[in-house]
>>> print(open('data.cif').read())   # mmCIF, C-alpha atoms
data_my_file
#
loop_
_atom_site.label_atom_id
_atom_site.label_comp_id
_atom_site.auth_asym_id
_atom_site.auth_seq_id
_atom_site.Cartn_x
_atom_site.Cartn_y
_atom_site.Cartn_z
CA MET A 1477 12.42 8.28 -18.93
CA PHE A 1478 12.98 8.55 -15.18
CA ILE A 1479 10.54 10.20 -12.74
CA GLN A 1480 11.32 11.50 -9.28
CA VAL A 1481 8.25 11.98 -7.09
CA ILE A 1482 8.58 14.59 -4.33
CA GLN A 1483 5.85 14.70 -1.69
CA GLY A 1484 5.24 16.46 1.61
CA LYS A 1485 2.80 18.45 3.75
CA VAL A 1486 3.00 22.19 3.12
CA SER A 1487 3.21 24.75 5.92
CA ASP A 1488 3.89 27.86 3.79
CA GLU A 1489 1.93 27.72 0.54
CA ALA A 1490 2.83 31.23 -0.61
CA GLY A 1491 6.51 30.64 0.11
CA LEU A 1492 6.45 27.35 -1.77
CA ARG A 1493 4.87 28.97 -4.82
CA ARG A 1494 7.60 31.61 -4.82
CA CYS A 1495 10.26 28.92 -4.60
CA MET A 1496 8.73 26.89 -7.44
CA ASP A 1497 8.53 30.00 -9.62
CA ARG A 1498 12.18 30.76 -8.85
CA TRP A 1499 13.19 27.23 -9.78
CA THR A 1500 11.46 27.60 -13.15
CA GLU A 1501 13.11 30.93 -13.85
CA ASP A 1502 16.58 30.53 -12.35
CA VAL A 1503 17.39 26.86 -11.80
CA ARG A 1504 15.61 25.03 -14.62
CA PRO A 1505 17.81 26.41 -17.45
CA GLY A 1506 20.81 24.46 -16.13
CA ALA A 1507 18.94 21.21 -15.53
CA THR A 1508 20.34 19.06 -18.32
CA GLY A 1509 18.04 16.19 -19.25
CA PHE A 1510 15.01 17.72 -17.52
CA LEU A 1511 11.83 16.83 -19.47
CA GLY A 1512 9.19 18.65 -17.45
CA CYS A 1513 7.36 18.54 -14.13
CA THR A 1514 3.77 18.12 -12.95
CA GLN A 1515 3.21 19.63 -9.52
CA GLY A 1516 0.38 20.83 -7.36
CA LEU A 1517 -1.16 21.25 -3.95
CA CYS A 1518 -3.93 18.81 -2.98
CA ASP A 1519 -6.95 19.26 -0.72
CA ASP A 1520 -5.25 17.88 2.41
CA GLY A 1521 -2.23 20.19 2.09
CA THR A 1522 -0.04 17.60 0.40
CA PHE A 1523 2.26 18.90 -2.31
CA ILE A 1524 3.26 16.43 -5.02
CA ALA A 1525 5.73 16.95 -7.85
CA LEU A 1526 6.51 14.45 -10.60
CA ALA A 1527 9.79 15.59 -12.15
CA ARG A 1528 10.64 13.88 -15.43
CA PHE A 1529 14.22 13.37 -16.60
CA GLU A 1530 15.82 11.60 -19.53
CA SER A 1531 17.54 9.19 -17.13
CA ALA A 1532 18.39 8.55 -13.49
CA GLU A 1533 21.86 9.87 -14.24
CA ALA A 1534 20.42 13.19 -15.46
CA ALA A 1535 18.34 13.48 -12.28
CA ARG A 1536 21.40 12.74 -10.15
CA ARG A 1537 23.48 15.37 -11.97
CA ASN A 1538 20.75 17.93 -11.38
CA SER A 1539 20.50 17.15 -7.65
CA GLU A 1540 24.27 17.58 -7.30
CA ARG A 1541 24.33 21.11 -8.77
CA PRO A 1542 25.16 23.74 -6.12
CA GLU A 1543 22.30 25.99 -7.26
CA GLN A 1544 19.86 23.09 -6.90
CA GLY A 1545 21.11 22.43 -3.37
CA ALA A 1546 20.82 26.07 -2.39
CA TRP A 1547 17.32 26.27 -3.82
CA TRP A 1548 16.19 23.12 -1.98
CA ALA A 1549 17.63 24.35 1.35
CA GLU A 1550 15.22 27.29 1.09
CA THR A 1551 12.30 25.32 -0.34
CA GLU A 1552 12.22 22.57 2.28
CA ARG A 1553 11.48 25.18 4.94
CA CYS A 1554 8.04 25.54 3.33
CA PHE A 1555 7.14 22.00 4.42
CA GLU A 1556 5.92 20.58 7.70
CA GLY A 1557 8.06 17.59 8.60
CA ALA A 1558 9.98 15.33 6.26
CA VAL A 1559 9.64 15.38 2.48
CA SER A 1560 9.73 12.02 0.68
CA PHE A 1561 11.58 11.35 -2.58
CA MET A 1562 10.59 8.36 -4.69
CA ASP A 1563 12.95 7.49 -7.54
CA CYS A 1564 11.00 5.68 -10.26
CA PRO A 1565 13.23 4.09 -12.94
CA ASP A 1566 10.40 2.23 -14.72
CA VAL A 1567 8.07 4.67 -16.44
CA MET A 1568 5.22 3.93 -18.82
CA GLU A 1569 3.44 6.62 -20.82
CA TRP A 1570 -0.04 5.82 -22.08
CA MET A 1571 -2.26 7.78 -24.48
CA GLY A 1572 0.69 10.01 -25.21
CA GLY A 1573 1.81 10.49 -21.60
CA GLY A 1574 1.38 13.62 -19.53
CA SER A 1575 0.05 16.79 -21.12
CA ASP A 1576 0.82 20.43 -20.39
CA ASP A 1577 -2.70 21.23 -21.64
CA ALA A 1578 -4.33 19.57 -18.59
CA THR A 1579 -6.24 21.70 -16.10
CA PHE A 1580 -6.87 18.79 -13.69
CA VAL A 1581 -4.51 15.97 -12.71
CA GLN A 1582 -5.29 13.00 -10.49
CA VAL A 1583 -2.43 11.10 -8.85
CA MET A 1584 -2.86 7.57 -7.48
CA GLU A 1585 -0.33 5.91 -5.19
CA GLY A 1586 -0.13 2.40 -3.82
CA HIS A 1587 1.62 -0.96 -3.97
CA THR A 1588 0.98 -3.74 -6.44
CA SER A 1589 1.91 -7.40 -6.62
CA ASP A 1590 2.39 -7.26 -10.41
CA ALA A 1591 3.49 -3.96 -11.97
CA SER A 1592 4.14 -5.54 -15.37
CA ARG A 1593 0.54 -6.79 -15.54
CA MET A 1594 -0.72 -3.31 -14.62
CA ARG A 1595 1.19 -1.94 -17.60
CA GLU A 1596 -0.25 -4.65 -19.87
CA LEU A 1597 -3.80 -3.81 -18.77
CA LEU A 1598 -3.27 -0.11 -19.47
CA GLU A 1599 -2.01 -0.95 -22.96
CA GLN A 1600 -4.97 -3.24 -23.64
CA ALA A 1601 -7.53 -0.71 -22.42
CA GLU A 1602 -5.99 2.31 -24.14
CA PRO A 1603 -7.94 2.23 -27.46
CA GLN A 1604 -11.33 1.96 -25.75
CA VAL A 1605 -10.48 4.45 -23.03
CA HIS A 1606 -9.45 6.92 -25.73
CA GLN A 1607 -12.92 6.64 -27.28
CA LEU A 1608 -14.98 6.50 -24.09
CA ARG A 1609 -13.10 9.16 -22.15
CA PRO A 1610 -12.12 11.94 -24.59
CA GLU A 1611 -11.39 14.25 -21.66
CA ILE A 1612 -8.37 12.10 -20.69
CA LEU A 1613 -5.32 13.59 -22.36
CA GLY A 1614 -2.95 10.83 -21.24
CA GLY A 1615 -1.10 9.50 -18.26
CA THR A 1616 2.03 8.02 -16.75
CA LEU A 1617 2.60 4.97 -14.56
CA CYS A 1618 5.90 4.76 -12.72
CA THR A 1619 7.13 2.21 -10.21
CA TYR A 1620 9.76 2.11 -7.48
CA GLY A 1621 11.07 -0.25 -4.82
CA ASP A 1622 9.12 -3.41 -4.06
CA GLY A 1623 5.86 -2.85 -5.94
CA GLY A 1624 5.38 0.84 -5.20
CA TYR A 1625 3.65 2.79 -7.98
CA VAL A 1626 2.55 6.32 -8.78
CA GLU A 1627 0.05 6.86 -11.60
CA ALA A 1628 -0.91 10.30 -12.90
CA VAL A 1629 -3.90 10.94 -15.19
CA TYR A 1630 -4.22 14.23 -17.08
CA PHE A 1631 -7.66 15.66 -17.90
CA THR A 1632 -8.95 18.55 -20.00
CA SER A 1633 -10.96 19.71 -16.96
CA GLU A 1634 -12.23 18.41 -13.64
CA SER A 1635 -15.87 18.99 -14.58
CA GLU A 1636 -15.50 16.88 -17.73
CA ALA A 1637 -13.68 14.19 -15.77
CA ARG A 1638 -16.49 13.95 -13.22
CA GLU A 1639 -19.15 13.91 -15.93
CA HIS A 1640 -17.48 11.13 -17.91
CA GLU A 1641 -17.06 9.01 -14.78
CA LYS A 1642 -20.77 8.25 -15.23
CA VAL A 1643 -20.48 6.70 -18.70
CA GLU A 1644 -21.46 3.06 -19.10
CA ILE A 1645 -18.44 0.79 -19.42
CA PRO A 1646 -18.56 -2.12 -21.93
CA ASP A 1647 -18.23 -5.57 -20.35
CA ASP A 1648 -14.85 -6.36 -21.89
CA LEU A 1649 -13.38 -3.07 -20.67
CA ARG A 1650 -15.00 -3.47 -17.26
CA SER A 1651 -13.21 -6.80 -16.78
CA LEU A 1652 -9.87 -5.09 -17.48
CA PHE A 1653 -10.71 -2.31 -15.02
CA GLU A 1654 -11.71 -4.83 -12.36
CA GLU A 1655 -8.45 -6.74 -12.73
CA GLU A 1656 -6.51 -3.49 -12.63
CA GLY A 1657 -8.38 -2.48 -9.48
CA ARG A 1658 -7.40 -5.71 -7.76
CA LEU A 1659 -3.75 -5.22 -8.72
CA MET A 1660 -3.73 -1.60 -7.52
CA GLY A 1661 -4.75 -2.64 -3.99
CA ASP A 1662 -5.36 0.14 -1.47
CA VAL A 1663 -5.04 3.39 -3.41
CA SER A 1664 -4.38 6.91 -2.12
CA TYR A 1665 -5.90 9.55 -4.41
CA TYR A 1666 -4.53 13.08 -4.73
CA ASP A 1667 -6.35 15.64 -6.86
CA MET A 1668 -4.48 18.60 -8.33
CA HIS A 1669 -7.28 21.08 -8.98
CA GLU A 1670 -4.80 23.71 -10.18
CA PRO A 1671 -1.78 21.79 -11.47
CA MET A 1672 1.42 23.66 -12.26
CA LEU A 1673 2.85 22.15 -15.41
CA VAL A 1674 6.49 23.07 -15.96
CA PRO A 1675 7.82 22.32 -19.44
CA ALA A 1676 11.40 21.40 -20.22
CA GLY A 1677 13.77 24.37 -20.36
CA ARG A 1678 14.43 25.94 -23.71
#
>>> encode(input="data.cif", output="structure tokens")
Amino acid sequence: MFIQVIQGKVSDEAGLRRCMDRWTEDVRPGATGFLGCTQGLCDDGTFIALARFESAEAARRNSERPEQGAWWAETERCFEGAVSFMDCPDVMEWMGGGSDDATFVQVMEGHTSDASRMRELLEQAEPQVHQLRPEILGGTLCTYGDGGYVEAVYFTSESEAREHEKVEIPDDLRSLFEEEGRLMGDVSYYDMHEPMLVPAGR
């Protein structure tokens, strides 16, 4: 799997929603290798989209389509300033990966000194997290460049996520979380209170 992360500050929310709906209806059917997209507007006006493709080649083919280019020329006018694109070739799915059943998604971004160890810690913690946090439907961790990472966690609901944040963590799991926290460094959190979950085209 390959994930492209698109991020920018929105100046025309209604226009952006129309553009995203049009992509789903008109542009998605021709996007060969498209596996789905998680997108949403966060509290500070930042829009984030995590577009999943079978491969980097599939993502490149999609970006080169004339209809994709025409759509983006209109869509980028809905943003204030530059929009960033992060190509993430190393993707890990944990607890089943992202879920289209989520009603709340939290995205974490930062830089780590050891992405492979972050993936190991997620794998080690997965069985206990699955039991302790039943409201977590799954997640993805993708990396790019020199230690850059984007992690997305999918929840059944925001209220259940906040409630389960209070559960007592066993010592062995806490040690894994503490090590993960050190590796994650300074983290930027983005909450999608109303995520738009676009499935792969049929």
>>> resolve_selection(input="data.cif", expression="the PyMOL selection byres ((chain A and resi 1526-1541) around 8)", output="PDB file with C-alpha atoms, in the frame of the given file")
ATOM      1  CA  MET A1477      12.420   8.280 -18.930  1.00  0.00           C
ATOM      2  CA  PHE A1478      12.980   8.550 -15.180  1.00  0.00           C
ATOM      3  CA  ILE A1479      10.540  10.200 -12.740  1.00  0.00           C
ATOM      4  CA  GLN A1480      11.320  11.500  -9.280  1.00  0.00           C
ATOM      5  CA  VAL A1481       8.250  11.980  -7.090  1.00  0.00           C
ATOM      6  CA  ILE A1482       8.580  14.590  -4.330  1.00  0.00           C
ATOM      7  CA  ALA A1507      18.940  21.210 -15.530  1.00  0.00           C
ATOM      8  CA  THR A1508      20.340  19.060 -18.320  1.00  0.00           C
ATOM      9  CA  GLY A1509      18.040  16.190 -19.250  1.00  0.00           C
ATOM     10  CA  PHE A1510      15.010  17.720 -17.520  1.00  0.00           C
ATOM     11  CA  LEU A1511      11.830  16.830 -19.470  1.00  0.00           C
ATOM     12  CA  GLY A1512       9.190  18.650 -17.450  1.00  0.00           C
ATOM     13  CA  CYS A1513       7.360  18.540 -14.130  1.00  0.00           C
ATOM     14  CA  THR A1514       3.770  18.120 -12.950  1.00  0.00           C
ATOM     15  CA  GLN A1515       3.210  19.630  -9.520  1.00  0.00           C
ATOM     16  CA  ILE A1524       3.260  16.430  -5.020  1.00  0.00           C
ATOM     17  CA  ALA A1525       5.730  16.950  -7.850  1.00  0.00           C
ATOM     18  CA  PRO A1542      25.160  23.740  -6.120  1.00  0.00           C
ATOM     19  CA  GLU A1543      22.300  25.990  -7.260  1.00  0.00           C
ATOM     20  CA  GLN A1544      19.860  23.090  -6.900  1.00  0.00           C
ATOM     21  CA  GLY A1545      21.110  22.430  -3.370  1.00  0.00           C
ATOM     22  CA  PRO A1565      13.230   4.090 -12.940  1.00  0.00           C
TER      23      PRO A1565
END
>>> atom_distance(input="data.cif", atom1="CA of Asp1488 in chain A", atom2="CA of Met1672 in chain A")
16.8 Å
>>> resolve_selection(input="data.cif", expression="the PyMOL selection byres ((chain A and resi 1634-1650) around 8)", output="VMD selection string")
chain A and resid 1579 to 1580 1601 1604 1608 to 1609 1611 to 1612 1631 to 1633 1651 to 1654 1669
>>> resolve_selection(input="data.cif", expression="the PyMOL selection byres ((chain A and resi 1574) around 9)", output="list in words")
Thr1514, Glu1569, Trp1570, Met1571, Gly1572, Gly1573, Ser1575, Asp1576, Asp1577, Ala1578, Leu1613, Gly1614, Gly1615, Thr1616, Ala1628, Val1629 and Tyr1630 of chain A
>>> atom_distance(input="data.cif", atom1="CA of Val1663 in chain A", atom2="CA of Arg1493 in chain A")
27.5 Å
>>> residues_around(input="data.cif", residues="Glu1556 in chain A", least_positions_apart="5", cutoff="6 Å", atoms="all atoms listed in the file", output="number ranges by chain")
A: 1485-1487
>>> closest_residue(input="data.cif", among="A:Met1562, A:Ala1546, A:Glu1602, A:Tyr1620", to="Val1503 in chain A", atoms="all atoms listed in the file")
A:Ala1546
>>> atom_distance(input="data.cif", atom1="CA of Thr1551 in chain A", atom2="CA of Asp1497 in chain A")
11.1 Å
>>> residues_around(input="data.cif", residues="Asp1566 in chain A", least_positions_apart="2", cutoff="7 Å", atoms="only C-alpha atoms", output="compact mmCIF listing (two decimals) with C-alpha atoms, in the coordinates of the input")
# COMPACT_ATOMS: atom_id res chain seq x y z
CA PHE A 1478 12.98 8.55 -15.18
CA CYS A 1564 11.00 5.68 -10.26
CA MET A 1568 5.22 3.93 -18.82
CA CYS A 1618 5.90 4.76 -12.72
CA THR A 1619 7.13 2.21 -10.21
